[in-house]
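K.L.:
Sharing entry_39.cif below, mmCIF, C-alpha atoms:
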data_my_file
loop_
_atom_site.label_atom_id
_atom_site.label_comp_id
_atom_site.auth_asym_id
_atom_site.auth_seq_id
_atom_site.Cartn_x
_atom_site.Cartn_y
_atom_site.Cartn_z
CA MET V 2 85.24 68.56 119.96
CA ALA V 3 87.15 69.10 116.72
CA THR V 4 84.04 70.47 115.01
CA GLN V 5 83.39 72.90 117.85
CA LEU V 6 87.00 74.10 117.78
CA TRP V 7 86.87 74.59 114.02
CA ASN V 8 83.58 76.53 114.23
CA PHE V 9 85.08 78.69 116.97
CA ILE V 10 88.14 79.42 114.84
CA LEU V 11 85.98 80.30 111.82
CA ALA V 12 83.89 82.67 113.95
CA GLU V 13 87.01 84.38 115.25
CA ILE V 14 88.38 84.76 111.71
CA GLN V 15 85.14 86.44 110.65
CA LYS V 16 85.32 88.66 113.69
CA PHE V 17 88.90 89.54 112.79
CA ARG V 18 87.91 90.51 109.25
CA SER V 19 85.13 92.77 110.50
CA THR V 20 87.31 94.64 112.98
CA ALA V 21 90.71 94.61 111.24
CA LYS V 22 90.20 98.09 109.82
CA ASP V 23 89.50 99.55 113.28
CA VAL V 24 92.58 97.78 114.66
CA VAL V 25 94.82 99.26 111.96
CA LEU V 26 93.35 102.76 112.27
CA SER V 27 93.79 102.74 116.06
CA ARG V 28 97.58 102.85 115.51
CA THR V 29 98.12 101.36 118.96
CA TRP V 30 100.01 98.51 117.30
CA TRP V 31 102.90 100.97 116.98
CA TYR V 32 103.36 101.36 120.77
CA PRO V 33 105.21 98.01 121.29
CA PHE V 34 107.72 99.01 118.61
CA GLN V 35 107.96 102.52 120.06
CA GLY V 36 108.57 100.90 123.45
CA LEU V 37 111.49 98.91 122.02
CA ILE V 38 113.05 102.08 120.61
CA TYR V 39 112.43 104.03 123.82
CA LEU V 40 113.91 101.26 125.99
CA SER V 41 117.03 101.07 123.81
CA THR V 42 117.62 104.84 124.07
CA HIS V 43 116.89 105.36 127.78
CA GLU V 44 119.51 103.57 129.86
CA PRO V 45 117.80 103.90 133.28
CA LEU V 46 114.75 102.01 132.00
CA ARG V 47 116.94 99.03 131.12
CA ARG V 48 118.24 98.72 134.68
CA PRO V 49 115.36 96.63 136.13
CA PHE V 50 115.77 94.05 133.35
CA LEU V 51 119.58 93.99 133.43
CA SER V 52 119.54 93.50 137.22
CA ARG V 53 117.70 90.20 136.70
CA LEU V 54 119.39 89.14 133.46
CA GLY V 55 121.26 86.21 135.00
CA GLN V 56 118.18 84.94 136.78
CA THR V 57 116.10 85.36 133.63
CA VAL V 58 118.54 83.43 131.46
CA THR V 59 118.72 80.64 134.05
CA LEU V 60 114.93 80.46 134.20
CA GLY V 61 114.62 80.30 130.41
CA VAL V 62 117.32 77.65 130.00
CA GLY V 63 115.86 75.55 132.80
CA ILE V 64 112.32 75.61 131.46
CA THR V 65 113.43 74.98 127.86
CA THR V 66 115.66 72.07 128.90
CA GLY V 67 112.87 70.52 130.95
CA MET V 68 110.35 70.93 128.15
CA PHE V 69 112.65 69.21 125.64
CA PHE V 70 113.37 66.39 128.09
CA PHE V 71 109.75 65.66 128.94
CA THR V 72 107.73 66.74 125.88
CA TYR V 73 109.89 66.60 122.75
CA LEU V 74 109.61 62.90 121.99
CA PRO V 75 105.85 62.62 122.70
CA GLN V 76 105.15 65.66 120.50
CA THR V 77 107.42 64.32 117.75
CA ALA V 78 105.47 61.05 117.77
CA LEU V 79 102.18 62.94 117.61
CA LEU V 80 103.28 65.26 114.81
CA SER V 81 104.67 62.36 112.80
CA LEU V 82 101.06 61.49 112.02
CA THR V 83 100.56 64.78 110.17
CA ASN V 84 104.03 66.14 109.37
CA GLY V 85 105.81 62.96 108.36
CA PRO V 86 109.62 63.38 108.08
CA TRP V 87 109.34 67.02 109.16
CA ALA V 88 107.96 66.02 112.57
CA PRO V 89 111.28 66.39 114.50
CA ILE V 90 111.75 69.96 113.23
CA SER V 91 108.11 70.90 113.80
CA ALA V 92 108.21 69.43 117.32
CA ALA V 93 111.38 71.36 118.15
CA LEU V 94 109.81 74.63 117.02
CA LEU V 95 106.66 73.86 118.99
CA VAL V 96 108.62 73.05 122.16
CA ILE V 97 110.59 76.30 121.81
CA SER V 98 107.33 78.26 121.47
CA GLU V 99 105.79 76.46 124.43
CA SER V 100 108.93 77.10 126.51
CA ALA V 101 108.88 80.81 125.62
CA SER V 102 105.23 81.10 126.65
CA LEU V 103 105.84 79.26 129.92
CA THR V 104 108.98 81.28 130.71
CA THR V 105 107.20 84.57 130.04
CA PHE V 106 104.23 83.49 132.18
CA VAL V 107 106.39 82.45 135.15
CA ALA V 108 108.58 85.55 134.91
CA ARG V 109 105.65 87.98 134.56
CA SER V 110 103.76 86.38 137.43
CA TRP V 111 106.57 85.95 139.94
CA SER V 112 110.26 86.64 139.39
CA LEU V 113 109.95 89.78 137.26
CA ARG V 114 106.58 91.12 138.39
CA ASP V 115 107.99 93.95 140.50
CA ASP V 116 110.66 94.76 137.91
CA LEU V 117 108.04 95.12 135.17
CA THR V 118 106.00 97.35 137.47
CA ASP V 119 109.09 99.48 138.15
CA THR V 120 109.69 99.73 134.39
CA PHE V 121 106.09 100.82 133.78
CA ASP V 122 106.14 103.43 136.57
CA ALA V 123 109.59 104.73 135.61
CA THR V 124 108.46 105.23 132.01
CA LEU V 125 105.48 107.26 133.24
CA LEU V 126 107.88 109.41 135.27
CA GLU V 127 110.07 109.84 132.20
CA LYS V 128 107.00 111.15 130.36
CA GLY V 129 106.11 113.55 133.17
CA SER V 130 103.16 111.66 134.67
CA ASP V 131 104.46 112.08 138.23
CA ASP V 132 101.02 112.65 139.76
CA LEU V 133 99.68 109.41 138.29
CA VAL V 134 102.61 107.33 139.60
CA ALA V 135 102.24 109.00 143.00
CA GLU V 136 98.81 107.36 143.26
CA GLY V 137 100.51 103.99 143.58
CA ARG V 138 103.85 104.61 145.26
CA HIS V 139 106.09 107.19 146.89
CA VAL V 140 107.93 109.27 144.30
CA GLN V 141 111.18 111.00 145.14
CA PRO V 142 111.44 114.64 144.01
CA ARG V 143 113.36 115.50 140.88
CA ALA V 144 117.02 116.19 141.63
CA SER V 145 120.23 116.59 139.71
CA GLY V 146 121.77 113.22 138.90
CA ARG V 147 118.72 111.26 140.04
CA ASP V 148 117.22 109.23 137.21
CA VAL V 149 113.63 108.04 137.05
CA VAL V 150 114.31 104.56 138.44
CA ARG V 151 116.03 106.00 141.53
CA ARG V 152 113.01 108.23 142.09
CA LEU V 153 110.77 105.21 142.59
CA GLY V 154 109.94 104.78 146.26
CA LYS V 155 107.98 102.25 148.27
CA MET V 156 104.77 101.03 146.68
CA VAL V 157 101.47 102.09 148.19
CA LYS V 158 99.48 99.96 145.74
CA GLU V 159 101.12 96.62 145.09
CA PRO V 160 101.34 95.33 141.49
CA ALA V 161 98.13 94.00 140.05
CA GLU V 162 97.25 90.34 140.66
CA ARG V 163 99.34 87.66 139.05
CA LEU V 164 98.37 86.24 135.68
CA ARG V 165 95.91 83.40 136.05
CA PRO V 166 96.96 79.85 135.09
CA GLN V 167 93.99 79.81 132.69
CA ALA V 168 95.82 82.37 130.54
CA LEU V 169 98.83 80.05 130.25
CA LEU V 170 96.57 77.07 129.51
CA ASN V 171 94.83 78.98 126.71
CA ALA V 172 98.16 79.94 125.18
CA VAL V 173 99.54 76.38 125.29
CA ILE V 174 96.33 74.88 123.86
CA LEU V 175 96.40 77.32 120.94
CA LEU V 176 100.12 76.95 120.19
CA PRO V 177 99.67 74.06 117.72
CA LEU V 178 97.89 76.53 115.44
CA ASN V 179 101.36 77.86 114.59
CA LEU V 180 102.04 74.63 112.72
CA VAL V 181 99.48 75.67 110.10
CA PRO V 182 101.41 77.97 107.73
CA VAL V 183 100.38 81.65 107.73
CA VAL V 184 96.70 81.18 108.58
CA GLY V 185 97.34 79.24 111.78
CA THR V 186 99.84 81.76 113.09
CA ALA V 187 97.54 84.66 112.19
CA VAL V 188 94.65 83.08 114.10
CA TYR V 189 96.90 82.36 117.10
CA VAL V 190 98.21 85.93 117.24
CA TRP V 191 94.70 87.34 116.83
CA LEU V 192 93.23 85.20 119.64
CA GLN V 193 96.10 85.86 122.03
CA GLY V 194 96.22 89.55 121.11
CA GLN V 195 92.57 89.96 122.00
CA ARG V 196 93.15 88.45 125.42
CA ALA V 197 96.51 90.02 126.18
CA GLY V 198 95.72 93.57 125.05
CA PRO V 199 93.78 94.81 128.10
CA LEU V 200 96.24 93.15 130.50
CA VAL V 201 99.02 95.57 129.52
CA HIS V 202 97.20 98.40 131.31
CA LYS V 203 96.38 96.63 134.57
CA ARG V 204 98.87 98.88 136.36
CA PHE V 205 97.42 101.96 134.63
CA PHE V 206 93.90 101.03 135.75
CA GLN V 207 95.22 100.43 139.24
CA LEU V 208 96.91 103.83 139.41
CA LYS V 209 93.72 105.47 138.12
CA GLY V 210 91.77 103.78 140.89
CA TRP V 211 89.19 102.33 138.51
CA ASP V 212 86.91 99.52 139.64
CA ASP V 213 86.14 96.45 137.52
CA ARG V 214 83.03 98.02 136.01
CA ARG V 215 84.91 101.14 134.88
CA VAL V 216 87.72 99.01 133.42
CA GLU V 217 85.29 96.80 131.49
CA GLU V 218 83.53 99.84 130.07
CA TRP V 219 86.84 101.45 129.05
CA VAL V 220 88.16 98.27 127.43
CA ARG V 221 84.88 97.75 125.57
CA ARG V 222 85.05 101.27 124.11
CA ASN V 223 88.72 100.81 123.17
CA ARG V 224 88.61 97.17 122.12
CA ALA V 225 90.22 97.77 118.71
CA GLY V 226 93.09 99.69 120.30
CA TYR V 227 93.84 96.98 122.84
CA THR V 228 93.58 94.28 120.19
CA GLY V 229 96.05 96.16 118.00
CA PHE V 230 98.50 96.54 120.87
CA GLY V 231 98.04 92.91 121.90
CA ILE V 232 98.66 91.57 118.40
CA ALA V 233 101.92 93.50 118.06
CA ALA V 234 103.05 92.61 121.58
CA ILE V 235 102.32 88.89 121.21
CA SER V 236 104.07 88.80 117.83
CA LEU V 237 107.23 90.22 119.38
CA GLU V 238 107.11 87.94 122.42
CA MET V 239 106.93 84.91 120.11
CA VAL V 240 110.50 85.54 118.95
CA PRO V 241 112.54 82.64 120.39
CA PHE V 242 114.94 83.48 123.24
CA LEU V 243 114.01 87.18 123.19
CA SER V 244 110.51 86.92 124.62
CA LEU V 245 111.43 88.45 127.99
CA VAL V 246 113.33 91.33 126.38
CA PHE V 247 110.20 92.12 124.44
CA ALA V 248 108.11 91.70 127.60
CA PHE V 249 110.02 94.68 129.03
CA SER V 250 109.86 96.74 125.83
CA ASN V 251 106.12 96.01 125.58
CA THR V 252 105.76 97.24 129.15
CA VAL V 253 107.50 100.46 128.15
CA GLY V 254 105.18 100.74 125.14
CA ALA V 255 102.13 100.25 127.36
CA ALA V 256 103.37 103.00 129.67
CA LEU V 257 103.95 105.36 126.73
CA TRP V 258 100.37 104.75 125.64
CA ALA V 259 99.14 105.33 129.20
CA ALA V 260 101.06 108.61 129.37
CA ASP V 261 99.47 109.74 126.10
CA LEU V 262 96.01 108.81 127.41
CA GLU V 263 96.68 110.71 130.61
CA ARG V 264 97.81 113.79 128.69
CA GLU V 265 94.74 113.61 126.44
CA GLY V 266 92.52 113.39 129.53
CA GLU V 267 94.19 116.42 131.09
CA ASN V 268 93.80 118.41 127.88
CA LYS V 269 90.10 117.58 127.67
CA SER V 270 89.49 118.48 131.30
CA SER V 271 91.23 121.84 130.79
CA GLY V 272 89.32 122.52 127.57
CA ILE V 273 92.37 122.44 125.31
#
Give the structure from this file in structure tokens form.
P.N.:
Amino acid sequence: MATQLWNFILAEIQKFRSTAKDVVLSRTWWYPFQGLIYLSTHEPLRRPFLSRLGQTVTLGVGITTGMFFFTYLPQTALLSLTNGPWAPISAALLVISESASLTTFVARSWSLRDDLTDTFDATLLEKGSDDLVAEGRHVQPRASGRDVVRRLGKMVKEPAERLRPQALLNAVILLPLNLVPVVGTAVYVWLQGQRAGPLVHKRFFQLKGWDDRRVEEWVRRNRAGYTGFGIAAISLEMVPFLSLVFAFSNTVGAALWAADLEREGENKSSGI
């Protein structure tokens, strides 16, 4: 089992080295940071998150408390075999990371799913992609004093399916890699970035009306771009206690990217 895991990690490292240049040149890694800036400067886009701030904090505190109560001592005992006197600190950091991943998973899948969808759609409206948003929900006409969030009407296409538990399991299994200085964290971010990248545009694919085959083909042709976005997004969401803030800013970044793709598609179709 250990040998298979190590061979898998080595293969992924080699894969990373061969595609790193394409990831950097794609420049999609900038969108999560652009999303953070855009969210901080556009007050209406912050409203969905702020409306659930109390619930979000309660969820995070509850999960983190439970994780420390049930898993801290067992993980400290396990890490004492490899980390010696540093085991309590390493275990605390690992529990915090695990709690952040679990909190983000639960929030994305249930409590904040609609709010993240509203944030994505509102950002598209802010960027002028009204027709695209109208494919998935009723959109109120532009009017004086009506911001983009208030223009969001009833959904015609409900948010994409919830994240699968397998995604959470993969993240938790790989978390111990972060205990390996530098290399371990790099491998973790790379693996999770590869998997998380395409998920940021599930709403975009839904609004476009693409079937699974079209989505797979698109993701395959833009693999480096989605990996670049995923790496940056996962890195931000690993920041303790701010993971859900970055979940919203990453959603804004994904919508900004979608708006750019939509504009590029319109320009190509018009021959510009």
K.L.:
Could you expand the PyMOL selection byres ((chain V and resi 117-119) around 9) into the explicit residues it covers here, written as JSON, numbers by chain?
P.N.:
{"V": [46, 49, 50, 109, 113, 114, 115, 116, 120, 121, 122, 123, 124, 150, 153, 160, 161, 204, 248, 249, 252, 253]}
K.L.:
What does the distance between CA of Leu94 (chain V) and CA of Ala108 (chain V) come to in Å, to one decimal place?
P.N.:
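Going from CA of Leu94 (chain V) over to CA of Ala108 (chain V), I get 21.0 Å.
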K.L.:
Identify, on the basis of only C-alpha atoms, every residue whose closest approach to Tyr227 (chain V) does not exceed 9 Å; exclude the query and any residue fewer than 6 positions from it along the same chain; express the result as a ChimeraX atom specification.
P.N.:
/V:24,27,29-30,194-201,220
K.L.:
Can you tell me which residues surround region 95-100 of chain V at a distance of at most 12 Å, considering only C-alpha atoms, apart from same-chain residues fewer than 6 positions away, and format the answer as a VMD selection string?
P.N.:
chain V and resid 60 to 77 79 to 80 88 to 89 106 to 108 169 to 181 186 235 to 236 238 to 245
K.L.:
What does the distance between CA of Ala234 (chain V) and CA of Ser41 (chain V) come to in Å, to one decimal place?
P.N.:
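Separation of CA of Ala234 (chain V) and CA of Ser41 (chain V): 16.5 Å.
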